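Chemist: To start, I am sharing the structure in question, which I have written as structure tokens.
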Amino acid sequence: MAAKKRPVTGGIDTHGKTHHAAVVDQTGRVLGDQQFPATPAGYRALLAWLRSFGRVAKVGVEGTGTYGAGLARYLTGERVDLVEVDRPDRRTRRSKGKSDPIDAIAAARAALSGQAAGTPKTRTGPVEAIRALRVARRGAVKARTAALNQLHGLITSAPETVRTGLAGLPRSAMVTACVDLTVDETVMTDPVHATRAALHAIATRIQALDAEIALADRRLRPAVAKTAPRLSALFGVGPEVAGQLLATAGDNPDRLRSEAALAHLCGAAPIPASSGRTDRHRLNRGGDRAANNALYTIALTRMRYDPRTRNYVQRRTKQGLAKIEIMRCLKRYIVREVHAALMADFAALNTA
């Protein structure tokens, strides 16, 4: 009976169709490992197996935002204390090898030691809905960019009779002109007609992607404004930037213990780079790079249009700081405003 009540820690290496679990005691000794299907029945069996060794104090899970998302939701619903575990780095993999049991045991020991302490996103609220909509929009934007590059490249190398009427046109006019091109299906071996057919197909695709992006924007704007009105009201924060910052924060604000934690999450915390008589900080190239890009967009907008920020840039420039250093400082100040706005928005959502 005493063994059943002893605290144990689990570790899970997640995959598309199966999850491999391991359990260790409080000294890190391996008590067992087993594989389970990545299904609701498998989740229940996995948790029952973990509890058969004792009281589950904590579970470390790899990939809580990908293959382990369903398992993480289930364990959270069962009130299991979860921590997010990063996969071992290449040096560790080279020295200790790699297999599902090894990775699961490493996840359990990382959770036990406190080396892994990140709180997974719950992915059960409006922020998860915004993230899903943004995935579709981002894919459409990427596809449109690729199609536009193809269109420009094809026009550049097109036969003169085709290129003459299209080169130099603005983007929207060029796409419309390519859509209006007539195609003779009987002479597809002729480079002129084949090029016209290809341009028509690509331009039609671009128009469809434009419509898809516009639809995504119509869905996202009210969702972002309703979820984060205070964040959206900040200078330089549009729907796309606000959506990215929300997706980075997640639905559970307890992950953001302080503005410093958010700064580290966004890669905007200053990193000491001092040596000898040189005392300085450098840019942080870690964290969520998409969130860092969102902060960069805010900083760039304020540097152009916000009088307070323009005065700050002038003052810091006179002090000898380079533009890249000024941007680093601005991002850190912006994180402070973003954190306060996010916390206020989350508090309002929880009391609504």
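In the structure tokens, chains take letters A, B, ... by order of appearance, with residues numbered from 1 within each chain and ligands from 1 in the order shown.
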Hey, what's within 6 Å of region 105-116 of chain A if we count only C-alpha atoms and toss same-chain stuff fewer than 3 positions away? As a list in words, please?

Modeler: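 My list of contacting residues is Thr9, Gly10, Gly11, Ala22, Gly60, Val85 and Ile102 of chain A.
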
Chemist: Give me, as a ChimeraX atom specification, all polymer residues having an atom no more than 10 Å from Glu185 (chain A), counting only C-alpha atoms and skipping those fewer than 4 positions away in the same chain.

Modeler: /A:189,193-194,197

Chemist: Considering only C-alpha atoms, can you say which of A:Lys58, A:Arg328, A:Arg255, A:His19 comes closest to Met343 (chain A)?

Modeler: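 Ranking A:Lys58, A:Arg328, A:Arg255, A:His19 by distance to Met343 (chain A), first place goes to A:Arg255.
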
Chemist: Find the residues of region 187-294 of chain A that sit at most 12 Å from region 305-313 of chain A; for each, write down the nearest two atoms and how far apart they are in Å, to one decimal. Count only C-alpha atoms. Sort by chain, then by number going up, and give it as CSV.

Modeler:
```
residue,atom,partner,partner_atom,distance
A:Leu234,CA,A:Asp306,CA,11.5
A:Phe235,CA,A:Asp306,CA,8.0
A:Gly236,CA,A:Asp306,CA,8.8
```

Chemist: Write out as a list in words which residues come within 7 Å of Tyr296 (chain A) when counting only C-alpha atoms, dropping same-chain ones fewer than 4 positions away.

Modeler: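 So the residues in contact are Asn292, Leu300 and Lys331 of chain A.
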
Chemist: For the residues in that selection, give me N, CA and C atoms as a compact mmCIF listing (two decimals), in the first residue's frame.

Modeler:
```txt
# COMPACT_ATOMS: atom_id res chain seq x y z
N ASN A 292 8.84 37.57 -31.85
CA ASN A 292 9.87 38.60 -31.93
C ASN A 292 9.64 39.48 -33.15
N LEU A 300 8.96 49.15 -35.30
CA LEU A 300 9.19 49.86 -36.56
C LEU A 300 8.08 50.88 -36.81
N LYS A 331 12.00 46.89 -28.02
CA LYS A 331 11.25 45.64 -27.90
C LYS A 331 11.00 45.29 -26.44
```

Chemist: Write out as a CSV table (one decimal) with N, CA, C and O atoms, in the first residue's frame the residues lying within 10 Å of His152 (chain A), counting only C-alpha atoms and excluding same-chain residues fewer than 6 positions away.

Modeler:
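Result file follows (result.csv):
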```csv
chain,number,residue,atom,x,y,z
A,158,ALA,N,9.1,35.3,-70.7
A,158,ALA,CA,8.1,35.0,-71.7
A,158,ALA,C,8.5,35.5,-73.1
A,158,ALA,O,9.3,36.4,-73.2
A,166,LEU,N,2.6,42.9,-70.5
A,166,LEU,CA,2.5,42.6,-69.0
A,166,LEU,C,3.6,43.2,-68.2
A,166,LEU,O,3.4,43.5,-67.0
A,167,ALA,N,4.8,43.3,-68.7
A,167,ALA,CA,5.9,43.8,-68.0
A,167,ALA,C,5.7,45.2,-67.5
A,167,ALA,O,5.3,46.1,-68.3
A,171,ARG,N,1.0,45.2,-59.5
A,171,ARG,CA,0.6,43.8,-59.2
A,171,ARG,C,-0.8,43.4,-59.6
A,171,ARG,O,-1.1,42.4,-60.2
A,174,MET,N,-1.5,43.5,-63.2
A,174,MET,CA,-0.8,42.4,-63.9
A,174,MET,C,-1.5,41.1,-63.7
A,174,MET,O,-1.7,40.3,-64.7
A,199,LEU,N,0.4,31.5,-67.4
A,199,LEU,CA,0.1,32.8,-66.7
A,199,LEU,C,-1.3,32.8,-66.3
A,199,LEU,O,-1.6,33.3,-65.2
```

Chemist: Quick one: residues within 10 Å of Ala228 (chain A), only C-alpha atoms counted, chain neighbours fewer than 6 positions away excluded, as a PyMOL selection string?

Modeler: chain A and resi 127+222+239+242-243+246+341-346+348-349

Chemist: Counting only C-alpha atoms, figure out which residue out of A:Thr227, A:Thr161, A:Thr14, A:Thr122 gets nearest to Asp251 (chain A).

Modeler: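 Closest to Asp251 (chain A), using only C-alpha atoms: A:Thr122.
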
Chemist: Step one, run DSSP on the backbone; step two, keep only residues of region 5-208 of chain A assigned to helix (DSSP H, G or I); then write them as a PyMOL selection string.

Modeler: chain A and resi 5+40-51+69-77+90-96+100-113+126-156+160-163+171-179+185-187+191-208

Chemist: Write out, as a tab-separated table (two decimals), in the first residue's frame, the residues just selected, with C-alpha atoms.

Modeler:
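Saved to result-v7.tsv:
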```
chain	number	residue	atom	x	y	z
A	5	LYS	CA	1.16	6.09	-2.45
A	40	PRO	CA	-8.58	8.40	-26.28
A	41	ALA	CA	-8.57	4.78	-25.05
A	42	GLY	CA	-4.77	4.82	-25.17
A	43	TYR	CA	-4.66	8.03	-23.11
A	44	ARG	CA	-6.82	6.43	-20.42
A	45	ALA	CA	-4.70	3.29	-20.38
A	46	LEU	CA	-1.50	5.35	-20.17
A	47	LEU	CA	-2.69	7.33	-17.16
A	48	ALA	CA	-3.94	4.18	-15.42
A	49	TRP	CA	-0.55	2.56	-16.03
A	50	LEU	CA	1.28	5.55	-14.55
A	51	ARG	CA	-0.97	5.54	-11.48
A	69	ALA	CA	-1.62	17.94	-28.00
A	70	GLY	CA	-4.48	15.46	-27.52
A	71	LEU	CA	-2.72	13.68	-24.67
A	72	ALA	CA	-1.88	16.99	-23.00
A	73	ARG	CA	-5.55	18.05	-23.13
A	74	TYR	CA	-6.63	14.74	-21.63
A	75	LEU	CA	-4.07	14.81	-18.79
A	76	THR	CA	-4.92	18.44	-18.02
A	77	GLY	CA	-8.59	17.49	-17.81
A	90	ARG	CA	22.28	16.75	-30.54
A	91	ARG	CA	25.18	16.43	-28.12
A	92	THR	CA	23.04	14.45	-25.67
A	93	ARG	CA	21.68	12.25	-28.45
A	94	ARG	CA	25.20	11.49	-29.68
A	95	SER	CA	26.48	10.57	-26.22
A	96	LYS	CA	23.45	8.65	-24.92
A	100	ASP	CA	11.55	5.90	-27.66
A	101	PRO	CA	12.30	4.44	-24.18
A	102	ILE	CA	15.45	6.58	-23.83
A	103	ASP	CA	13.55	9.75	-24.79
A	104	ALA	CA	10.65	8.94	-22.44
A	105	ILE	CA	13.00	8.28	-19.53
A	106	ALA	CA	14.89	11.50	-20.29
A	107	ALA	CA	11.58	13.41	-20.28
A	108	ALA	CA	10.65	11.94	-16.90
A	109	ARG	CA	14.01	12.81	-15.36
A	110	ALA	CA	13.91	16.33	-16.83
A	111	ALA	CA	10.50	16.87	-15.23
A	112	LEU	CA	11.68	15.39	-11.92
A	113	SER	CA	14.83	17.52	-11.70
A	126	PRO	CA	-10.48	31.50	-27.99
A	127	VAL	CA	-6.72	31.88	-28.46
A	128	GLU	CA	-6.54	28.36	-29.89
A	129	ALA	CA	-9.34	29.29	-32.29
A	130	ILE	CA	-7.36	32.36	-33.40
A	131	ARG	CA	-4.22	30.25	-33.82
A	132	ALA	CA	-6.08	27.79	-36.07
A	133	LEU	CA	-7.42	30.60	-38.25
A	134	ARG	CA	-3.96	32.12	-38.50
A	135	VAL	CA	-2.48	28.79	-39.65
A	136	ALA	CA	-4.83	28.81	-42.65
A	137	ARG	CA	-4.11	32.48	-43.39
A	138	ARG	CA	-0.35	32.06	-43.10
A	139	GLY	CA	-0.44	29.12	-45.51
A	140	ALA	CA	-2.46	31.13	-48.03
A	141	VAL	CA	-0.06	34.11	-47.78
A	142	LYS	CA	2.93	31.83	-48.32
A	143	ALA	CA	1.28	30.18	-51.32
A	144	ARG	CA	0.36	33.59	-52.79
A	145	THR	CA	3.94	34.81	-52.44
A	146	ALA	CA	5.20	31.70	-54.24
A	147	ALA	CA	2.60	32.14	-57.01
A	148	LEU	CA	3.51	35.82	-57.47
A	149	ASN	CA	7.20	34.91	-57.75
A	150	GLN	CA	6.30	32.31	-60.39
A	151	LEU	CA	4.23	34.87	-62.26
A	152	HIS	CA	7.03	37.45	-62.29
A	153	GLY	CA	9.58	34.86	-63.34
A	154	LEU	CA	7.42	33.54	-66.15
A	155	ILE	CA	6.70	37.03	-67.47
A	156	THR	CA	10.40	37.90	-67.41
A	160	GLU	CA	8.18	39.07	-76.50
A	161	THR	CA	4.58	39.10	-77.79
A	162	VAL	CA	3.39	38.03	-74.31
A	163	ARG	CA	5.85	40.02	-72.19
A	171	ARG	CA	0.65	43.77	-59.22
A	172	SER	CA	-3.15	43.86	-59.25
A	173	ALA	CA	-3.30	45.01	-62.89
A	174	MET	CA	-0.78	42.36	-63.92
A	175	VAL	CA	-2.79	39.59	-62.24
A	176	THR	CA	-6.03	40.81	-63.82
A	177	ALA	CA	-4.40	41.01	-67.25
A	178	CYS	CA	-3.07	37.46	-66.93
A	179	VAL	CA	-6.50	36.16	-65.88
A	185	GLU	CA	-6.00	24.53	-76.08
A	186	THR	CA	-5.20	23.12	-79.53
A	187	VAL	CA	-1.70	24.62	-79.78
A	191	PRO	CA	5.64	28.48	-76.44
A	192	VAL	CA	3.48	31.61	-76.82
A	193	HIS	CA	0.18	29.85	-76.16
A	194	ALA	CA	1.67	27.57	-73.50
A	195	THR	CA	3.05	30.61	-71.64
A	196	ARG	CA	-0.31	32.37	-71.85
A	197	ALA	CA	-1.99	29.25	-70.45
A	198	ALA	CA	0.51	29.04	-67.57
A	199	LEU	CA	0.12	32.75	-66.75
A	200	HIS	CA	-3.67	32.41	-66.77
A	201	ALA	CA	-3.52	29.42	-64.38
A	202	ILE	CA	-1.13	31.10	-61.95
A	203	ALA	CA	-3.06	34.40	-61.95
A	204	THR	CA	-6.32	32.55	-61.32
A	205	ARG	CA	-4.67	30.84	-58.36
A	206	ILE	CA	-3.49	34.20	-57.00
A	207	GLN	CA	-7.01	35.63	-57.16
A	208	ALA	CA	-8.36	32.58	-55.32
```

Chemist: Would you list the contacts of Asn284 (chain A) as a list of chain:residue names, taking every protein, DNA or RNA residue within 8 Å and counting only C-alpha atoms, but skipping same-chain residues closer than 4 positions in sequence?

Modeler: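 Once the nearby chain positions are removed, what remains is A:Gly267, A:Ala268, A:Ala269, A:Pro270, A:Ile271.
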
Chemist: Show which residues sit within 8 Å of Leu31 (chain A), as an MDAnalysis selection string. Count only C-alpha atoms, and ignore same-chain residues fewer than 5 positions away.

Modeler: chainID A and resid 22:25 53

Chemist: Using CA of Ala263 (chain A) and CA of Asn293 (chain A) as the two end points, give the distance in Å to one decimal.

Modeler: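 Spanning CA of Ala263 (chain A) to CA of Asn293 (chain A) is a straight-line distance of 12.7 Å.
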
Chemist: Check the DSSP output for the backbone and give back, as a PDB file with N, CA and C atoms, in the first residue's frame, the residues of region 3-126 of chain A in strand (DSSP E or B).

Modeler:
```
ATOM      1  N   PRO A   7       5.253   9.028  -4.416  1.00  0.00           N
ATOM      2  CA  PRO A   7       5.204   9.938  -5.578  1.00  0.00           C
ATOM      3  C   PRO A   7       6.089   9.426  -6.707  1.00  0.00           C
ATOM      4  N   VAL A   8       5.571   9.463  -7.910  1.00  0.00           N
ATOM      5  CA  VAL A   8       6.334   9.060  -9.092  1.00  0.00           C
ATOM      6  C   VAL A   8       6.196  10.155 -10.147  1.00  0.00           C
ATOM      7  N   THR A   9       7.124  10.151 -11.096  1.00  0.00           N
ATOM      8  CA  THR A   9       7.122  11.135 -12.176  1.00  0.00           C
ATOM      9  C   THR A   9       7.125  10.407 -13.517  1.00  0.00           C
ATOM     10  N   GLY A  10       6.264  10.852 -14.415  1.00  0.00           N
ATOM     11  CA  GLY A  10       6.170  10.234 -15.729  1.00  0.00           C
ATOM     12  C   GLY A  10       6.854  11.058 -16.795  1.00  0.00           C
ATOM     13  N   GLY A  11       7.218  10.396 -17.864  1.00  0.00           N
ATOM     14  CA  GLY A  11       7.783  11.057 -19.045  1.00  0.00           C
ATOM     15  C   GLY A  11       7.213  10.399 -20.282  1.00  0.00           C
ATOM     16  N   ILE A  12       6.867  11.204 -21.288  1.00  0.00           N
ATOM     17  CA  ILE A  12       6.197  10.664 -22.466  1.00  0.00           C
ATOM     18  C   ILE A  12       6.856  11.219 -23.728  1.00  0.00           C
ATOM     19  N   ASP A  13       7.264  10.302 -24.602  1.00  0.00           N
ATOM     20  CA  ASP A  13       7.779  10.635 -25.925  1.00  0.00           C
ATOM     21  C   ASP A  13       6.634  10.419 -26.909  1.00  0.00           C
ATOM     22  N   THR A  14       6.142  11.490 -27.529  1.00  0.00           N
ATOM     23  CA  THR A  14       4.933  11.417 -28.346  1.00  0.00           C
ATOM     24  C   THR A  14       5.243  11.236 -29.823  1.00  0.00           C
ATOM     25  N   THR A  18       1.552   6.429 -31.837  1.00  0.00           N
ATOM     26  CA  THR A  18       1.791   5.835 -30.518  1.00  0.00           C
ATOM     27  C   THR A  18       2.520   6.836 -29.630  1.00  0.00           C
ATOM     28  N   HIS A  19       2.384   6.638 -28.323  1.00  0.00           N
ATOM     29  CA  HIS A  19       3.140   7.404 -27.334  1.00  0.00           C
ATOM     30  C   HIS A  19       3.887   6.410 -26.450  1.00  0.00           C
ATOM     31  N   HIS A  20       5.146   6.720 -26.149  1.00  0.00           N
ATOM     32  CA  HIS A  20       5.929   5.846 -25.265  1.00  0.00           C
ATOM     33  C   HIS A  20       6.077   6.542 -23.917  1.00  0.00           C
ATOM     34  N   ALA A  21       5.683   5.857 -22.857  1.00  0.00           N
ATOM     35  CA  ALA A  21       5.702   6.424 -21.511  1.00  0.00           C
ATOM     36  C   ALA A  21       6.728   5.714 -20.649  1.00  0.00           C
ATOM     37  N   ALA A  22       7.305   6.463 -19.731  1.00  0.00           N
ATOM     38  CA  ALA A  22       8.221   5.905 -18.743  1.00  0.00           C
ATOM     39  C   ALA A  22       7.882   6.519 -17.391  1.00  0.00           C
ATOM     40  N   VAL A  23       8.235   5.829 -16.321  1.00  0.00           N
ATOM     41  CA  VAL A  23       7.958   6.330 -14.973  1.00  0.00           C
ATOM     42  C   VAL A  23       9.184   6.112 -14.115  1.00  0.00           C
ATOM     43  N   VAL A  24       9.533   7.145 -13.308  1.00  0.00           N
ATOM     44  CA  VAL A  24      10.689   7.067 -12.412  1.00  0.00           C
ATOM     45  C   VAL A  24      10.245   7.442 -11.012  1.00  0.00           C
ATOM     46  N   VAL A  30      14.391   4.138 -12.784  1.00  0.00           N
ATOM     47  CA  VAL A  30      13.347   3.766 -13.737  1.00  0.00           C
ATOM     48  C   VAL A  30      12.515   2.622 -13.167  1.00  0.00           C
ATOM     49  N   LEU A  31      11.201   2.829 -13.126  1.00  0.00           N
ATOM     50  CA  LEU A  31      10.282   1.800 -12.627  1.00  0.00           C
ATOM     51  C   LEU A  31       9.648   1.004 -13.759  1.00  0.00           C
ATOM     52  N   GLY A  32       9.608   1.586 -14.963  1.00  0.00           N
ATOM     53  CA  GLY A  32       9.028   0.872 -16.091  1.00  0.00           C
ATOM     54  C   GLY A  32       8.822   1.790 -17.276  1.00  0.00           C
ATOM     55  N   ASP A  33       8.627   1.190 -18.452  1.00  0.00           N
ATOM     56  CA  ASP A  33       8.274   1.958 -19.650  1.00  0.00           C
ATOM     57  C   ASP A  33       7.381   1.091 -20.518  1.00  0.00           C
ATOM     58  N   GLN A  34       6.475   1.749 -21.270  1.00  0.00           N
ATOM     59  CA  GLN A  34       5.517   1.011 -22.095  1.00  0.00           C
ATOM     60  C   GLN A  34       4.974   1.911 -23.192  1.00  0.00           C
ATOM     61  N   GLN A  35       4.547   1.310 -24.281  1.00  0.00           N
ATOM     62  CA  GLN A  35       3.999   2.046 -25.425  1.00  0.00           C
ATOM     63  C   GLN A  35       2.481   1.934 -25.440  1.00  0.00           C
ATOM     64  N   PHE A  36       1.814   3.059 -25.819  1.00  0.00           N
ATOM     65  CA  PHE A  36       0.358   3.113 -25.853  1.00  0.00           C
ATOM     66  C   PHE A  36      -0.093   3.753 -27.165  1.00  0.00           C
ATOM     67  N   PRO A  37      -1.258   3.374 -27.672  1.00  0.00           N
ATOM     68  CA  PRO A  37      -1.771   4.017 -28.891  1.00  0.00           C
ATOM     69  C   PRO A  37      -2.175   5.457 -28.626  1.00  0.00           C
ATOM     70  N   ARG A  55       1.460   7.619  -6.679  1.00  0.00           N
ATOM     71  CA  ARG A  55       0.811   8.913  -6.903  1.00  0.00           C
ATOM     72  C   ARG A  55       1.616   9.702  -7.934  1.00  0.00           C
ATOM     73  N   VAL A  56       0.973  10.066  -9.043  1.00  0.00           N
ATOM     74  CA  VAL A  56       1.658  10.760 -10.127  1.00  0.00           C
ATOM     75  C   VAL A  56       1.833  12.226  -9.728  1.00  0.00           C
ATOM     76  N   ALA A  57       3.066  12.594  -9.408  1.00  0.00           N
ATOM     77  CA  ALA A  57       3.334  13.967  -8.980  1.00  0.00           C
ATOM     78  C   ALA A  57       3.447  14.916 -10.159  1.00  0.00           C
ATOM     79  N   LYS A  58       3.989  14.428 -11.265  1.00  0.00           N
ATOM     80  CA  LYS A  58       4.251  15.299 -12.409  1.00  0.00           C
ATOM     81  C   LYS A  58       4.480  14.421 -13.637  1.00  0.00           C
ATOM     82  N   VAL A  59       4.156  14.962 -14.807  1.00  0.00           N
ATOM     83  CA  VAL A  59       4.404  14.245 -16.055  1.00  0.00           C
ATOM     84  C   VAL A  59       5.054  15.210 -17.036  1.00  0.00           C
ATOM     85  N   GLY A  60       6.187  14.808 -17.591  1.00  0.00           N
ATOM     86  CA  GLY A  60       6.846  15.597 -18.628  1.00  0.00           C
ATOM     87  C   GLY A  60       6.494  15.041 -20.000  1.00  0.00           C
ATOM     88  N   VAL A  61       6.040  15.920 -20.897  1.00  0.00           N
ATOM     89  CA  VAL A  61       5.557  15.488 -22.210  1.00  0.00           C
ATOM     90  C   VAL A  61       6.311  16.248 -23.293  1.00  0.00           C
ATOM     91  N   GLU A  62       6.854  15.507 -24.261  1.00  0.00           N
ATOM     92  CA  GLU A  62       7.449  16.129 -25.440  1.00  0.00           C
ATOM     93  C   GLU A  62       6.353  16.436 -26.463  1.00  0.00           C
ATOM     94  N   LEU A  82       1.355  18.935 -15.542  1.00  0.00           N
ATOM     95  CA  LEU A  82       2.128  18.723 -16.766  1.00  0.00           C
ATOM     96  C   LEU A  82       3.254  19.732 -16.882  1.00  0.00           C
ATOM     97  N   VAL A  83       4.367  19.294 -17.464  1.00  0.00           N
ATOM     98  CA  VAL A  83       5.431  20.209 -17.859  1.00  0.00           C
ATOM     99  C   VAL A  83       5.822  19.872 -19.290  1.00  0.00           C
ATOM    100  N   GLU A  84       6.204  20.890 -20.036  1.00  0.00           N
ATOM    101  CA  GLU A  84       6.616  20.701 -21.423  1.00  0.00           C
ATOM    102  C   GLU A  84       8.108  20.428 -21.469  1.00  0.00           C
ATOM    103  N   VAL A  85       8.479  19.375 -22.185  1.00  0.00           N
ATOM    104  CA  VAL A  85       9.872  18.941 -22.249  1.00  0.00           C
ATOM    105  C   VAL A  85      10.393  19.137 -23.664  1.00  0.00           C
ATOM    106  N   GLY A 118       8.428  24.245 -18.129  1.00  0.00           N
ATOM    107  CA  GLY A 118       7.477  25.039 -18.901  1.00  0.00           C
ATOM    108  C   GLY A 118       6.064  24.498 -18.796  1.00  0.00           C
TER     109      GLY A 118
END
```
